[in-house]
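File shown: final26.cif. Contents: mmCIF, C-alpha atoms.
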data_protein
loop_
_atom_site.label_atom_id
_atom_site.label_comp_id
_atom_site.auth_asym_id
_atom_site.auth_seq_id
_atom_site.Cartn_x
_atom_site.Cartn_y
_atom_site.Cartn_z
CA MET A 21 15.94 61.61 37.11
CA LYS A 22 14.48 64.82 38.55
CA ASN A 23 14.30 67.93 36.44
CA ASP A 24 12.60 71.30 36.22
CA LEU A 25 10.26 70.34 33.39
CA LEU A 26 6.59 71.18 33.85
CA PHE A 27 4.22 68.40 34.86
CA ASP A 28 0.67 69.39 35.76
CA PHE A 29 -2.46 67.23 36.01
CA THR A 30 -5.83 68.60 37.10
CA VAL A 31 -9.38 67.29 37.02
CA ASP A 32 -12.38 69.61 36.70
CA LYS A 33 -15.50 67.60 37.51
CA THR A 34 -17.81 70.53 36.74
CA THR A 35 -16.67 70.53 33.09
CA LYS A 36 -15.93 66.74 33.04
CA THR A 37 -12.43 67.54 31.78
CA VAL A 38 -8.89 66.44 32.61
CA PHE A 39 -6.11 68.94 31.92
CA PHE A 40 -2.57 67.70 31.45
CA ASN A 41 0.53 69.82 30.78
CA ARG A 42 4.00 68.39 30.35
CA GLU A 43 7.31 69.72 29.06
CA PHE A 44 9.91 67.60 27.34
CA ALA A 45 13.58 68.38 26.80
CA ALA A 46 13.31 67.79 23.06
CA GLY A 47 12.49 69.68 19.90
CA LEU A 48 8.94 70.15 18.63
CA SER A 49 9.34 67.95 15.53
CA LEU A 50 10.56 64.98 17.56
CA VAL A 51 7.79 65.30 20.18
CA TRP A 52 5.16 65.70 17.44
CA ASP A 53 6.45 62.55 15.74
CA ALA A 54 6.34 60.68 19.06
CA PHE A 55 2.60 61.38 19.28
CA THR A 56 1.75 60.85 15.61
CA LYS A 57 3.89 57.99 14.26
CA GLN A 58 2.94 54.41 15.07
CA GLU A 59 6.50 53.09 15.26
CA ILE A 60 7.36 55.66 17.97
CA LEU A 61 3.99 55.58 19.79
CA ASP A 62 4.25 51.85 20.38
CA GLN A 63 7.56 52.40 22.19
CA TRP A 64 6.03 54.52 24.95
CA TRP A 65 2.18 54.69 24.94
CA ALA A 66 1.58 52.36 27.92
CA PRO A 67 2.58 52.41 31.58
CA LYS A 68 5.31 49.87 32.36
CA PRO A 69 5.22 46.89 32.50
CA TRP A 70 2.40 47.13 29.92
CA ALA A 71 3.23 47.59 26.24
CA SER A 72 1.42 49.28 23.36
CA LYS A 73 0.51 47.30 20.25
CA THR A 74 -1.02 49.11 17.27
CA LYS A 75 -3.05 47.01 14.87
CA PHE A 76 -3.37 49.91 12.39
CA MET A 77 -2.95 53.66 12.33
CA ASN A 78 -3.81 56.28 9.75
CA PHE A 79 -2.87 59.73 11.08
CA GLU A 80 -5.06 62.01 8.97
CA VAL A 81 -8.37 63.77 9.52
CA GLY A 82 -10.96 60.99 9.55
CA GLY A 83 -8.23 58.39 10.13
CA ARG A 84 -7.95 56.04 13.09
CA ARG A 85 -5.57 54.22 15.35
CA PHE A 86 -6.71 50.87 16.72
CA TYR A 87 -4.39 49.66 19.45
CA ALA A 88 -4.14 47.65 22.64
CA MET A 89 -2.30 48.07 25.87
CA VAL A 90 -0.93 44.61 26.59
CA SER A 91 -0.09 43.32 30.07
CA PRO A 92 2.96 41.12 30.72
CA GLU A 93 0.49 38.19 30.97
CA GLY A 94 -0.94 38.98 27.53
CA GLU A 95 -4.19 40.68 28.63
CA GLU A 96 -5.24 43.20 25.96
CA ARG A 97 -7.19 46.43 26.53
CA TRP A 98 -8.20 47.84 23.16
CA SER A 99 -8.98 51.44 22.20
CA ILE A 100 -9.93 53.35 19.06
CA GLN A 101 -8.63 56.84 18.40
CA LYS A 102 -10.35 58.79 15.60
CA TYR A 103 -8.55 61.90 14.37
CA THR A 104 -10.97 64.80 13.93
CA SER A 105 -8.61 67.74 13.31
CA ILE A 106 -4.89 68.11 12.54
CA SER A 107 -2.81 71.30 12.39
CA PRO A 108 0.73 69.97 11.77
CA LYS A 109 3.15 70.39 14.66
CA THR A 110 0.76 72.56 16.70
CA ASN A 111 -2.47 70.67 17.42
CA PHE A 112 -4.53 67.59 16.79
CA LYS A 113 -7.86 66.45 18.13
CA MET A 114 -9.22 62.96 18.46
CA THR A 115 -11.92 60.95 20.09
CA ASN A 116 -10.76 58.03 22.20
CA THR A 117 -13.04 55.10 22.95
CA PHE A 118 -12.39 51.81 24.71
CA ALA A 119 -13.25 48.85 22.48
CA ASP A 120 -13.12 45.11 22.23
CA LYS A 121 -10.66 43.20 20.03
CA ASP A 122 -13.16 43.33 17.15
CA GLU A 123 -13.31 47.15 17.13
CA ASN A 124 -16.72 47.38 18.81
CA PRO A 125 -16.59 50.66 20.77
CA ASP A 126 -17.56 50.97 24.41
CA LEU A 127 -19.36 54.31 24.27
CA PRO A 128 -19.23 57.03 25.40
CA GLY A 129 -15.65 58.02 24.70
CA SER A 130 -13.64 61.14 25.40
CA ASP A 131 -12.52 64.07 23.24
CA TRP A 132 -8.80 64.84 23.33
CA ASP A 133 -7.33 68.21 22.30
CA LEU A 134 -3.52 68.12 22.11
CA ASN A 135 -1.49 71.32 21.71
CA PHE A 136 2.25 71.49 21.05
CA SER A 137 4.61 74.47 21.44
CA GLU A 138 8.36 74.89 21.68
CA GLN A 139 10.38 77.43 23.61
CA ASN A 140 14.08 77.44 24.46
CA GLY A 141 14.59 73.86 23.26
CA LYS A 142 11.73 72.48 25.37
CA THR A 143 8.43 71.30 23.94
CA LYS A 144 5.25 71.75 25.94
CA VAL A 145 2.33 69.41 25.35
CA SER A 146 -1.02 70.60 26.71
CA ILE A 147 -3.87 68.11 26.60
CA SER A 148 -7.49 68.55 27.57
CA ILE A 149 -9.64 65.44 27.75
CA TYR A 150 -13.38 66.08 27.78
CA ASN A 151 -15.72 63.29 28.85
CA GLU A 152 -19.39 63.24 27.88
CA SER A 153 -20.34 61.94 31.29
CA LEU A 154 -19.11 62.47 34.82
CA GLU A 155 -19.40 58.70 35.25
CA ARG A 156 -16.80 58.11 32.52
CA LEU A 157 -14.48 60.75 33.97
CA GLU A 158 -14.70 59.16 37.39
CA LYS A 159 -14.09 55.70 35.88
CA MET A 160 -10.93 57.06 34.18
CA ILE A 161 -9.67 58.43 37.49
CA GLU A 162 -10.56 55.23 39.40
CA MET A 163 -8.68 53.17 36.82
CA GLY A 164 -5.52 55.10 37.71
CA PHE A 165 -5.36 57.34 34.65
CA LYS A 166 -3.29 60.03 36.39
CA GLU A 167 -0.65 57.59 37.60
CA GLY A 168 -0.70 55.59 34.37
CA PHE A 169 -0.39 58.64 32.14
CA ALA A 170 2.42 60.00 34.33
CA MET A 171 4.31 56.71 33.89
CA THR A 172 3.54 56.70 30.18
CA THR A 173 4.89 60.22 29.65
CA ASN A 174 7.96 59.30 31.72
CA ASN A 175 8.50 56.52 29.16
CA LEU A 176 8.28 59.18 26.46
CA GLU A 177 10.79 61.39 28.27
CA GLU A 178 13.29 58.51 28.38
CA LEU A 179 12.67 57.64 24.73
CA LEU A 180 13.08 61.25 23.62
CA ALA A 181 16.44 61.44 25.41
CA THR A 182 17.58 58.38 23.44
CA LEU A 183 16.17 59.61 20.12
CA SER A 184 17.65 63.11 20.60
CA GLN A 185 21.12 61.59 21.02
CA ARG A 186 20.75 59.82 17.66
CA GLN A 187 19.96 63.04 15.78
#
Can the structure in the file be given as structure tokens, please?
Amino acid sequence: MKNDLLFDFTVDKTTKTVFFNREFAAGLSLVWDAFTKQEILDQWWAPKPWASKTKFMNFEVGGRRFYAMVSPEGEERWSIQKYTSISPKTNFKMTNTFADKDENPDLPGSDWDLNFSEQNGKTKVSISIYNESLERLEKMIEMGFKEGFAMTTNNLEELLATLSQRQ
């Protein structure tokens, strides 16, 4: 399914930041919910054939999401997201840290800044991901973050098409 929706991914090693821009053919409220509600997040927040499994999520400033990406063989890769700022339907910020199954973080993490805007029935999501160290940024890239996040947001695009039809 090819379309004219924006997809842009750039890495700036000098600022240790990944920039990601993506448009979705869905309204702002639905896209916002897809990023902020556990029951929707778990349907798309992992590259296939992996799946997302949230142990708990509290989407509020100071709240957290503790989740795993689960392989078809049952391997779990845990992460903690801590929400540091929320401006409903326009922006939220969080720190993201890999962790073990007992919530022990693998520091340092990364700081995510997610911005949402809607124009002409399309919602644009712009994400900047700042890493404290160049080493962590390079590890993210080596682990296939670009390809994995592209697949993950393709999952979201498919899900949004289904959810939009139900509205």
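Picked by the PyMOL selection byres ((chain A and resi 164-166) around 12) from the coordinates shown: A:Phe27, A:Asp28, A:Phe29, A:Thr30, A:Val31, A:Val38, A:Phe39, A:Phe40, A:Asn41, A:Ala66, A:Pro67, A:Ile149, A:Arg156, A:Leu157, A:Glu158, A:Lys159, A:Met160, A:Ile161, A:Glu162, A:Met163, A:Glu167, A:Gly168, A:Phe169, A:Ala170, A:Met171, A:Thr172, A:Thr173.
Applied to the shown file, the PyMOL selection byres ((chain A and resi 147) around 10) selects the residues Phe29, Val38, Phe39, Phe40, Asn41, Arg42, Asn111, Phe112, Lys113, Trp132, Asp133, Leu134, Asn135, Phe136, Lys144, Val145, Ser146, Ser148, Ile149 and Tyr150 of chain A.
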(8.6, 71.8, 30.6) in this file's frame - what residues fall within 8 Å of it? Use all atoms listed in the file and give the answer as a PyMOL selection string. chain A and resi 24-27+42-45+142-144
Let's have the selection written as a PDB file, in the frame of the given file, with C-alpha atoms.
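Listing of result.pdb after writing:
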ATOM      1  CA  ASP A  24      12.600  71.300  36.220  1.00  0.00           C
ATOM      2  CA  LEU A  25      10.260  70.340  33.390  1.00  0.00           C
ATOM      3  CA  LEU A  26       6.590  71.180  33.850  1.00  0.00           C
ATOM      4  CA  PHE A  27       4.220  68.400  34.860  1.00  0.00           C
ATOM      5  CA  ARG A  42       4.000  68.390  30.350  1.00  0.00           C
ATOM      6  CA  GLU A  43       7.310  69.720  29.060  1.00  0.00           C
ATOM      7  CA  PHE A  44       9.910  67.600  27.340  1.00  0.00           C
ATOM      8  CA  ALA A  45      13.580  68.380  26.800  1.00  0.00           C
ATOM      9  CA  LYS A 142      11.730  72.480  25.370  1.00  0.00           C
ATOM     10  CA  THR A 143       8.430  71.300  23.940  1.00  0.00           C
ATOM     11  CA  LYS A 144       5.250  71.750  25.940  1.00  0.00           C
TER      12      LYS A 144
END
So which residues touch Glu80 of chain A within 9 Å, counting only C-alpha atoms, skipping near sequence neighbours fewer than 4 positions away, as number ranges by chain? A: 84, 103-106
Restrict the selected residues to C-alpha atoms and save them as a compact mmCIF listing (two decimals), keeping the file's coordinate frame.
# COMPACT_ATOMS: atom_id res chain seq x y z
CA ARG A 84 -7.95 56.04 13.09
CA TYR A 103 -8.55 61.90 14.37
CA THR A 104 -10.97 64.80 13.93
CA SER A 105 -8.61 67.74 13.31
CA ILE A 106 -4.89 68.11 12.54
Length of the atom CA of Lys102 of chain A to atom CA of Met114 of chain A vector [Å]: 5.2 Å
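Candidate residues A:Pro125, A:Pro108, A:Gly94, A:Gly47 were compared for distance to Ala71 of chain A, and the nearest is A:Gly94, using only C-alpha atoms.
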Where is the centre and how long are the edges: axis-aligned box on segment 55-61 of chain A, 5 Å on each side, Å to one decimal, as lines of an AutoDock Vina configuration file:
center_x = 4.6
center_y = 57.2
center_z = 17.0
size_x = 15.6
size_y = 18.3
size_z = 15.5
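Between atom CA of Pro92 of chain A and atom CA of Lys73 of chain A lies a distance of 12.4 Å.
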In Å, with one decimal, what is the gap from atom CA of Asn140 of chain A to atom CA of Asn175 of chain A? 22.2 Å
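Compared by their closest atoms to Asp53 of chain A, and using only C-alpha atoms, the residues A:Leu180, A:Gly83, A:Glu138, A:Ser99 rank with A:Leu180 nearest.
Put simply, the PyMOL selection byres ((chain A and resi 35) around 10) on this file hits Val31, Asp32, Lys33, Thr34, Lys36, Thr37, Val38, Tyr150, Asn151, Glu152, Ser153 and Leu154 of chain A.
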Go through A:Ser130, A:Thr56, A:Ser49, A:Gln139 and flag the residue nearest Asn116 of chain A, using all atoms listed in the file for the distances. A:Ser130
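Proximity to Phe55 of chain A was assessed for A:Lys68, A:Lys121, A:Glu96, A:Phe79 counting all atoms listed in the file; the smallest distance is recorded for A:Phe79.
Compared by their closest atoms to Arg97 of chain A, and using only C-alpha atoms, the residues A:Asp126, A:Gln185, A:Lys109, A:Phe76 rank with A:Asp126 nearest.
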Polymer residues at most 9 Å from Met77 of chain A, all atoms listed in the file, same-chain spacing of 5 or more positions, as a list in words: Lys57, Gln58, Gly83, Arg84, Arg85, Phe86, Tyr87 and Gln101 of chain A
When you count all atoms listed in the file, which of these residues is closest to Lys75 of chain A: A:Glu123, A:Ser107, A:Thr117, A:Ala46? A:Glu123
Could you give me segment 71-90 of chain A completed to N, CA and C atoms, formatted as a PDB file, in the coordinates of the input?
ATOM      1  N   ALA A  71       2.666  47.165  27.519  1.00  0.00           N
ATOM      2  CA  ALA A  71       3.230  47.590  26.240  1.00  0.00           C
ATOM      3  C   ALA A  71       2.086  48.013  25.311  1.00  0.00           C
ATOM      4  N   SER A  72       2.399  48.834  24.344  1.00  0.00           N
ATOM      5  CA  SER A  72       1.420  49.280  23.360  1.00  0.00           C
ATOM      6  C   SER A  72       1.608  48.487  22.070  1.00  0.00           C
ATOM      7  N   LYS A  73       0.481  48.065  21.497  1.00  0.00           N
ATOM      8  CA  LYS A  73       0.510  47.300  20.250  1.00  0.00           C
ATOM      9  C   LYS A  73      -0.541  47.888  19.317  1.00  0.00           C
ATOM     10  N   THR A  74      -0.093  48.517  18.225  1.00  0.00           N
ATOM     11  CA  THR A  74      -1.020  49.110  17.270  1.00  0.00           C
ATOM     12  C   THR A  74      -1.337  48.119  16.168  1.00  0.00           C
ATOM     13  N   LYS A  75      -2.625  47.885  15.956  1.00  0.00           N
ATOM     14  CA  LYS A  75      -3.050  47.010  14.870  1.00  0.00           C
ATOM     15  C   LYS A  75      -3.029  47.775  13.545  1.00  0.00           C
ATOM     16  N   PHE A  76      -3.518  49.030  13.555  1.00  0.00           N
ATOM     17  CA  PHE A  76      -3.370  49.910  12.390  1.00  0.00           C
ATOM     18  C   PHE A  76      -3.496  51.353  12.836  1.00  0.00           C
ATOM     19  N   MET A  77      -2.898  52.242  12.049  1.00  0.00           N
ATOM     20  CA  MET A  77      -2.950  53.660  12.330  1.00  0.00           C
ATOM     21  C   MET A  77      -2.879  54.435  11.038  1.00  0.00           C
ATOM     22  N   ASN A  78      -3.772  55.406  10.912  1.00  0.00           N
ATOM     23  CA  ASN A  78      -3.810  56.280   9.750  1.00  0.00           C
ATOM     24  C   ASN A  78      -3.964  57.695  10.286  1.00  0.00           C
ATOM     25  N   PHE A  79      -2.839  58.394  10.473  1.00  0.00           N
ATOM     26  CA  PHE A  79      -2.870  59.730  11.080  1.00  0.00           C
ATOM     27  C   PHE A  79      -3.216  60.776  10.019  1.00  0.00           C
ATOM     28  N   GLU A  80      -4.520  60.962   9.844  1.00  0.00           N
ATOM     29  CA  GLU A  80      -5.060  62.010   8.970  1.00  0.00           C
ATOM     30  C   GLU A  80      -6.476  62.289   9.470  1.00  0.00           C
ATOM     31  N   VAL A  81      -7.011  63.447   9.101  1.00  0.00           N
ATOM     32  CA  VAL A  81      -8.370  63.770   9.520  1.00  0.00           C
ATOM     33  C   VAL A  81      -9.309  62.681   8.992  1.00  0.00           C
ATOM     34  N   GLY A  82     -10.086  62.107   9.895  1.00  0.00           N
ATOM     35  CA  GLY A  82     -10.960  60.990   9.550  1.00  0.00           C
ATOM     36  C   GLY A  82     -10.290  59.635   9.721  1.00  0.00           C
ATOM     37  N   GLY A  83      -8.975  59.639   9.935  1.00  0.00           N
ATOM     38  CA  GLY A  83      -8.230  58.390  10.130  1.00  0.00           C
ATOM     39  C   GLY A  83      -8.345  57.887  11.560  1.00  0.00           C
ATOM     40  N   ARG A  84      -7.822  56.679  11.779  1.00  0.00           N
ATOM     41  CA  ARG A  84      -7.950  56.040  13.090  1.00  0.00           C
ATOM     42  C   ARG A  84      -6.673  55.311  13.482  1.00  0.00           C
ATOM     43  N   ARG A  85      -6.566  55.122  14.777  1.00  0.00           N
ATOM     44  CA  ARG A  85      -5.570  54.220  15.350  1.00  0.00           C
ATOM     45  C   ARG A  85      -6.339  53.216  16.193  1.00  0.00           C
ATOM     46  N   PHE A  86      -6.114  51.936  15.939  1.00  0.00           N
ATOM     47  CA  PHE A  86      -6.710  50.870  16.720  1.00  0.00           C
ATOM     48  C   PHE A  86      -5.553  50.148  17.403  1.00  0.00           C
ATOM     49  N   TYR A  87      -5.540  50.187  18.729  1.00  0.00           N
ATOM     50  CA  TYR A  87      -4.390  49.660  19.450  1.00  0.00           C
ATOM     51  C   TYR A  87      -4.822  49.023  20.764  1.00  0.00           C
ATOM     52  N   ALA A  88      -3.910  48.262  21.331  1.00  0.00           N
ATOM     53  CA  ALA A  88      -4.140  47.650  22.640  1.00  0.00           C
ATOM     54  C   ALA A  88      -2.983  47.972  23.562  1.00  0.00           C
ATOM     55  N   MET A  89      -3.316  48.091  24.834  1.00  0.00           N
ATOM     56  CA  MET A  89      -2.300  48.070  25.870  1.00  0.00           C
ATOM     57  C   MET A  89      -2.275  46.612  26.331  1.00  0.00           C
ATOM     58  N   VAL A  90      -1.085  46.031  26.340  1.00  0.00           N
ATOM     59  CA  VAL A  90      -0.930  44.610  26.590  1.00  0.00           C
ATOM     60  C   VAL A  90      -0.148  44.399  27.892  1.00  0.00           C
TER      61      VAL A  90
END
